[in-house]
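J.: Before I ask anything, let me first share the structure, which is written out below as structure tokens.
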Number of protein chains: 6
Amino acid sequence: MSVEDVAMPSQPGLPPTLVEAAVKAALAEDLGLAGDITTDAIIAADASASARIAARHAGVIAGLDLAEAAFRALDPGVRVVRRVAEGGVVFPGQVVADIEGRARALLSAERVALNFLGRLSGIATLTRAYADAIAGTGARICCTRKTTPGLRAFEKYAVRCGGGANHRFGLYDAVLIKDNHIAAAGGVGEAIRLARQGIGHLVKIEVEIDKLAQLEEALRHPIDAVLLDNMGLDDLRRAVAMVTRHSGRIVIEASGGVTLGTVRAIAEAGVHAISVGALTHSAPVLDLGLDF
Amino acid sequence: MSVEDVAMPSQPGLPPTLVEAAVKAALAEDLGLAGDITTDAIIAADASASARIAARHAGVIAGLDLAEAAFRALDPGVRVVRRVAEGGVVFPGQVVADIEGRARALLSAERVALNFLGRLSGIATLTRAYADAIAGTGARICCTRKTTPGLRAFEKYAVRCGGGANHRFGLYDAVLIKDNHIAAAGGVGEAIRLARQGIGHLVKIEVEIDKLAQLEEALRHPIDAVLLDNMGLDDLRRAVAMVTRHSGRIVIEASGGVTLGTVRAIAEAGVHAISVGALTHSAPVLDLGLDF
Amino acid sequence: MSVEDVAMPSQPGLPPTLVEAAVKAALAEDLGLAGDITTDAIIAADASASARIAARHAGVIAGLDLAEAAFRALDPGVRVVRRVAEGGVVFPGQVVADIEGRARALLSAERVALNFLGRLSGIATLTRAYADAIAGTGARICCTRKTTPGLRAFEKYAVRCGGGANHRFGLYDAVLIKDNHIAAAGGVGEAIRLARQGIGHLVKIEVEIDKLAQLEEALRHPIDAVLLDNMGLDDLRRAVAMVTRHSGRIVIEASGGVTLGTVRAIAEAGVHAISVGALTHSAPVLDLGLDF
Amino acid sequence: MSVEDVAMPSQPGLPPTLVEAAVKAALAEDLGLAGDITTDAIIAADASASARIAARHAGVIAGLDLAEAAFRALDPGVRVVRRVAEGGVVFPGQVVADIEGRARALLSAERVALNFLGRLSGIATLTRAYADAIAGTGARICCTRKTTPGLRAFEKYAVRCGGGANHRFGLYDAVLIKDNHIAAAGGVGEAIRLARQGIGHLVKIEVEIDKLAQLEEALRHPIDAVLLDNMGLDDLRRAVAMVTRHSGRIVIEASGGVTLGTVRAIAEAGVHAISVGALTHSAPVLDLGLDF
Amino acid sequence: MSVEDVAMPSQPGLPPTLVEAAVKAALAEDLGLAGDITTDAIIAADASASARIAARHAGVIAGLDLAEAAFRALDPGVRVVRRVAEGGVVFPGQVVADIEGRARALLSAERVALNFLGRLSGIATLTRAYADAIAGTGARICCTRKTTPGLRAFEKYAVRCGGGANHRFGLYDAVLIKDNHIAAAGGVGEAIRLARQGIGHLVKIEVEIDKLAQLEEALRHPIDAVLLDNMGLDDLRRAVAMVTRHSGRIVIEASGGVTLGTVRAIAEAGVHAISVGALTHSAPVLDLGLDF
Amino acid sequence: MSVEDVAMPSQPGLPPTLVEAAVKAALAEDLGLAGDITTDAIIAADASASARIAARHAGVIAGLDLAEAAFRALDPGVRVVRRVAEGGVVFPGQVVADIEGRARALLSAERVALNFLGRLSGIATLTRAYADAIAGTGARICCTRKTTPGLRAFEKYAVRCGGGANHRFGLYDAVLIKDNHIAAAGGVGEAIRLARQGIGHLVKIEVEIDKLAQLEEALRHPIDAVLLDNMGLDDLRRAVAMVTRHSGRIVIEASGGVTLGTVRAIAEAGVHAISVGALTHSAPVLDLGLDF
């Protein structure tokens, strides 16, 4: 598979206003008040250098905008040539990007650049593994709100780079009715009615379902999606049948206990989306290095 | 082991000024401009509720200040009773904290609280696993600068909660001379001389060593620590012997390819510190839940 | 009508994290570096005072959280008793809130408190006028993204207080396909296909329609809502009929050239939502005063 | 009247440090964490486009720096050619600026650019109407502190673009003694004495006057300006005569109940300045569009 | 002189919104990511302590709000009893404030509290020395814009605590016409005319004068103040006579080469204000200590 | 001595991320909401100018990055040619830098640029005086944490430009055990043990010593440095002998009551470092001017 093959048809959007702020905050965290005291003491201010970011393990790349911004923040004249597109697959030893600029900037920004790139590529890589595991089933892999505080925009972007789709970005952009909401409202119908009354017409409503009995009741009300949480495969299949029989337009999502070993069977049960918290809360970093 | 047993003799310090800012930013990220549209539409503004944070898996707790601050930010009158101290071990089902307050606040802050607590507890748990693996050897487990951008203060704190120690907090608080610095200076002695000249007398100098020949040269100069990177066990033992013969006051640190399977042998080679990037870049989250 | 009558069944949510930041920024803007030089020179630091916010014109109140936060920021011990709930109707001379605290704080925060409260109440009042004009038609009044930079969360909240509903909060929480998108994609079907592929399953898709011919084509593709922009009443009615015949679940929204004089006829054409930019971009302030 | 005619002799100053921060905050508000999901899904990342900002109604332009900064923030290479200067008059259909750049940037920044430009141009337009209404009288139109929280610098700038002048920017840059100050001090003379003692020699003192009797007393003390609030025309004329007889150097300002219908008569009563809160708190937006 | 004697009749105003932000930033600067590692390792988290701020040298106190806020930021329950009012004189050994709270908080906030208090008290002390030197002359001591970046509000407040008055707070609150402005305008009259046209009626105009000839010309135009820069005593006296003869309402300010040795003679030349850059740019700190 | 002679062999590092933020904040402080109202009213927007920064007194230059950033923030096209390197010595009348750009930008940024440059150069100049006074003794001059809140990074950098060295940057990067810590721990040995246990292996431990008896006890424990506070010369010499006899690797620092008159004798007592709070808390500004 060539790099071009895996590139997104249209690059998933990452608001540029977020990149600069995050990179500056990360550099401030690493440089403190004294800066890179090793490099500043040893490397001449005008020395230049070339380096390359290379993959140590196979994976999917995400976060080059952030890595590039880290070098650029310390050397506005740095030249970065990307050898892999966002969402591209890399193999051990493969060059991800070539970088030329002031030696101090390259050394001082290295860790921040790799911390962003490695973490996001780790998420994209794990997402791709899940996405590949259900290839051909018609289902999609989704992330959750179990993201790293402060990095949600970037982690949800990395999920898209890995071939996944995004669930809610926050508590604000879709309604997800859970047990406690239903209990407080005194029933799923009343909860849906209150929610629909409080929100705009461009907001969807999803209801979390633990048991088939709940599903039956929920389907009597106007909803856009159901989240089947922690159901066994048999119940999943029954739930899919119930929903499909009721309406072809309700999205069916499964969550809970999803692993690379179980995800295909879940997808084959007929759900449209499978959300996996581990994509963002437990993905190991992709091992990348900066070689001078 | 009781909770009291595992509590730190004196709680590791977490600057309070950082906690509030991080929690507010995370809440802003999750609430956006519209807030928790599900909860606000369904739950009455004056309803109150009780909940408890409980462990789903065994692990070490870190980050209760952040979790508590999340609930308090949305309900200044919330009551939180901690059932486990920072650094305490928990078992599946064990209650970590009891929480009472406004129902809306508990529901809307839940995810932010758990995202912080689960992530930091995951780091503390993995750190404890490494620390236990080398118990009795006299060596210590250290973190690296491979932390999540924006969360370094918290992640390094979690390492301390797990019984580990902190390496540099950034590029600013200690000198670490690597290959590129030595090459630019024209030799390890010149690099050390330049570094010592540029820094204050309360800053330590560590030199990264890949081969025994480098070590021999480095020891001819006044340094505080050596970082033996990616050496085999035989070379590690030889390096320890060389350093010890030379001076009893140079700290010996090992890094590279450290796993739970290899860490004890590395510790038994006689090093004082073993740094493990995975503590912060790849620790899986500790599974915790909020039960109403 | 008593205050209780007009109170919202459940108060529309305003993220508390936003209120404090906005009020502090507004106070900083008004106090500068020297503070309220008139008051500080003339009023003793320990003098206390009582005042009341009173309506000069009839209207709907929105923004009491912000007003109260302004006084509290300058005097943490201030006592504020609200005489009207958010969304409540007031008549000329009616007391909105009683305030007791340090005299300096009341005088120095007065303008910031009234600037927020007057502006948001102005929006709520205009929204209520539109909402009342279409009462009984089954349609809802919506805002747009034509809000004051920096105040969107508050202005959209004020629309809810006035009995309106919110359209998109930003470019991020729903898809709205316009002419330029359709032209770039090479057709409405392709635009919808690309959008659906790029977004999550909890995001709705709306298509803006200028002419009936476009509508016919759009309805051949899976969409959640149509925005009929600047259509005459006859075309509106035809469009409503076309959509309804096609599917009962597509939301029909009208926009463009909506005034208090035309809005009822538009609603009676059968649309579900009518969006009015003037609610937020041109609402006159509600005249309120602080009387000592 | 040509564009050149209406341009300010020297462009009124708008601190450039404020523009960038306000525009970035507004873009962050509109783009959120996911960005412009419609445009990013449909428009290719490298597509370019041309567009023009055109007036839909007649008015006075203010805020081009902010509009231009919005496009530039999303595309540093954008080309903007202004066809009207700040403070210039436009007629329906007239082009305000031509814009060329990346299509995604133009579409995603459009609303933020127009929200700033339309709002400030609305203020400039209303200011110009008031200024024109009193042309030849020698009086000037002033704004107040009844501005939108967060936008005061821009709104006061827009007033200058419309041919008006600025009253105080905040509580910090001039003394305005009101009823409550006089009551607390125990008399207007004592209030003036305390104020003068507490402030620097480059700060002016204005006293608000409701009745002619107060004016008489105030004139016995050293003041720089009087604000005649809510006086009838007869009293206004008498007050002007009293002040002028007393000293030729005291500025006379009128406020309260000023409309386009009454403003000329007030000016002809002989005051130097007329302050109008509506300029900033109730100006309708100027209708502008971005045409591709 | 007792403490009560020197206290300000009404405390000079310091916007409370500025204090908290400045103190938090200073604590963040001193605590970094790791916090007070000495104190956190040695002092128990629940230990309490008493301490007192005492003067080591005589001087005038300014900045207690900031010092108190520093302790409170680390221990919300801290008790601070002030033994001296702002602007009060202290003698060596005198207690300024008693403090009781958590031992960690007292130790960790000590330096930030003293850095603010010592610096501002140093400014107040130097100001008082200048003010005392001209006592009885009717002239006032003023500061300039030569302040520490970021601390202007506090330093100008300290000048007021020391019995001085404030000159402009920035470039925004008064007009000061200098040589370059006059040259660019083509004459002092034209410069004044342009300035008056561009500003509001509550802004004063001061003209900087180097030579008597310039003064003569300046007095022909409507100005509020003259700044006589670097003139000898003879010229100063002549200038004062010229201005006084012309009008009794123009403020006469002297600046340049002012020392404690020369300031009285300058005052006795008849000027109203003497501005001294050294008050804020070169005042030595007042030596204060925290004794446990 | 030529400028080249005094330039640092490798420029001391100043994190570029800090410079821009500090300069923007300082400009915001000086420009407020209205900007430079004098310059904007009088100087044409497109006028250009040349100016030069010149020394009025002899001294050492530090802070050119900040000065240059101030001009650049208001005119991105400004050209600045430095005639002296950071750390270079200047004599009265000597040109420090030539500046060409928009006249408005040069006038409006002048004070901010000089406030930074004058203050930091004042610190560098005083540091150089101390450093010269002990030339040849082998000791180094150090700063303390008695810095201006918000400017620590810049002031410690200025100390390096003046030939001094930095002590701790904050409470976070080295352990300094004082009386209160020892008392709380119940002895110096226990305090050192607790500190060592709580910190990483790259952090040094220094103990503050008031009396020789304390020193004896401290030397029995593993420490990196001693701070001899306020000792007489005889005790200093004895302390140096005690430490040297004990170990050749413990850094000996003296502090307290250090003046230009006493510093050489202290250095000749054999200490390695002398810390001087006055470098940052009481250095008079270096007098610099901007000549057009």
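Ordered as shown in the structure tokens, chains take letters A, B, and onward, while each chain numbers its residues from 1 and ligands are numbered from 1 in the order shown.
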Within 8 Å of chain E, which residues of chain F are there when counting only C-alpha atoms? Please give them as JSON, numbers by chain.
T.: {"F": [22, 25, 26, 29, 30, 31, 32, 33, 34, 35, 36, 37, 38, 39, 41, 42, 43, 108, 111, 112, 115, 116, 119, 145, 146, 147, 148, 149, 150, 152, 169, 170, 171, 172, 173, 174, 175, 176, 177, 180, 181, 184, 185, 191, 194, 195, 197, 198, 199, 281, 282, 283, 284, 285, 292]}
J.: Please, what distance in Å, to one decimal, runs between CA of Ile141 (chain A) and CA of Val243 (chain A)?
T.: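 Between these atoms lies a distance of 19.7 Å.
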J.: If we count only C-alpha atoms, what is near Phe91 (chain D) at a cut-off of 8 Å, once residues fewer than 4 positions away on the same chain are taken out, given as a list of chain:residue names?
T.: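 What passes the distance filter is D:Ala55, D:Arg56, D:His57, D:Ala58, D:Gly59.
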J.: With N, CA, C and O atoms retained, write the just-selected residues as an mmCIF file, in the first residue's frame.
T.:
```
data_model
loop_
_atom_site.group_PDB
_atom_site.id
_atom_site.type_symbol
_atom_site.label_atom_id
_atom_site.label_comp_id
_atom_site.auth_asym_id
_atom_site.auth_seq_id
_atom_site.Cartn_x
_atom_site.Cartn_y
_atom_site.Cartn_z
ATOM 1 N N ALA D 55 -22.117 45.543 0.256
ATOM 2 C CA ALA D 55 -23.152 46.127 1.106
ATOM 3 C C ALA D 55 -24.524 45.763 0.567
ATOM 4 O O ALA D 55 -24.762 45.812 -0.644
ATOM 5 N N ARG D 56 -25.432 45.392 1.484
ATOM 6 C CA ARG D 56 -26.825 45.169 1.082
ATOM 7 C C ARG D 56 -27.663 46.419 1.364
ATOM 8 O O ARG D 56 -28.686 46.642 0.763
ATOM 9 N N HIS D 57 -27.207 47.217 2.333
ATOM 10 C CA HIS D 57 -27.871 48.478 2.637
ATOM 11 C C HIS D 57 -26.832 49.592 2.638
ATOM 12 O O HIS D 57 -25.622 49.327 2.699
ATOM 13 N N ALA D 58 -27.283 50.829 2.626
ATOM 14 C CA ALA D 58 -26.355 51.960 2.723
ATOM 15 C C ALA D 58 -25.881 52.102 4.162
ATOM 16 O O ALA D 58 -26.605 51.790 5.105
ATOM 17 N N GLY D 59 -24.640 52.576 4.305
ATOM 18 C CA GLY D 59 -24.130 52.765 5.659
ATOM 19 C C GLY D 59 -22.690 53.223 5.664
ATOM 20 O O GLY D 59 -22.130 53.591 4.625
#
```
J.: From region 125-176 of chain E, collect each residue whose DSSP state is strand (DSSP E) and return the set as number ranges by chain.
T.: E: 140-142, 175-176
J.: What parts of region 56-247 of chain D does DSSP call alpha helix (DSSP H)? I'd like the answer as a PyMOL selection string.
T.: chain D and resi 64-74+103-133+152-161+179-185+188-198+212-218+233-246
J.: With a distance cut-off of 7 Å and only C-alpha atoms, select the neighbouring residues of region 160-163 of chain B, excluding the residue or stretch itself and same-chain residues fewer than 2 positions from it, and output the selection as a list in words.
T.: Pro12, Val60, Ala62, Glu86, Gly87, Ala124, Thr125, Thr127, Arg128, Ala131, Lys156, Tyr157, Ala158 and Ala165 of chain B
J.: With distances taken over only C-alpha atoms, which residue among B:Val19, B:Ala85, B:Gly136, B:Gly93 lies nearest Arg264 (chain B)?
T.: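 Smallest separation from Arg264 (chain B) among the options: B:Gly136.
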J.: Distance CA of Leu120 (chain F)-CA of Leu288 (chain F), one decimal place?
T.: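 CA of Leu120 (chain F) sits 11.4 Å away from CA of Leu288 (chain F).
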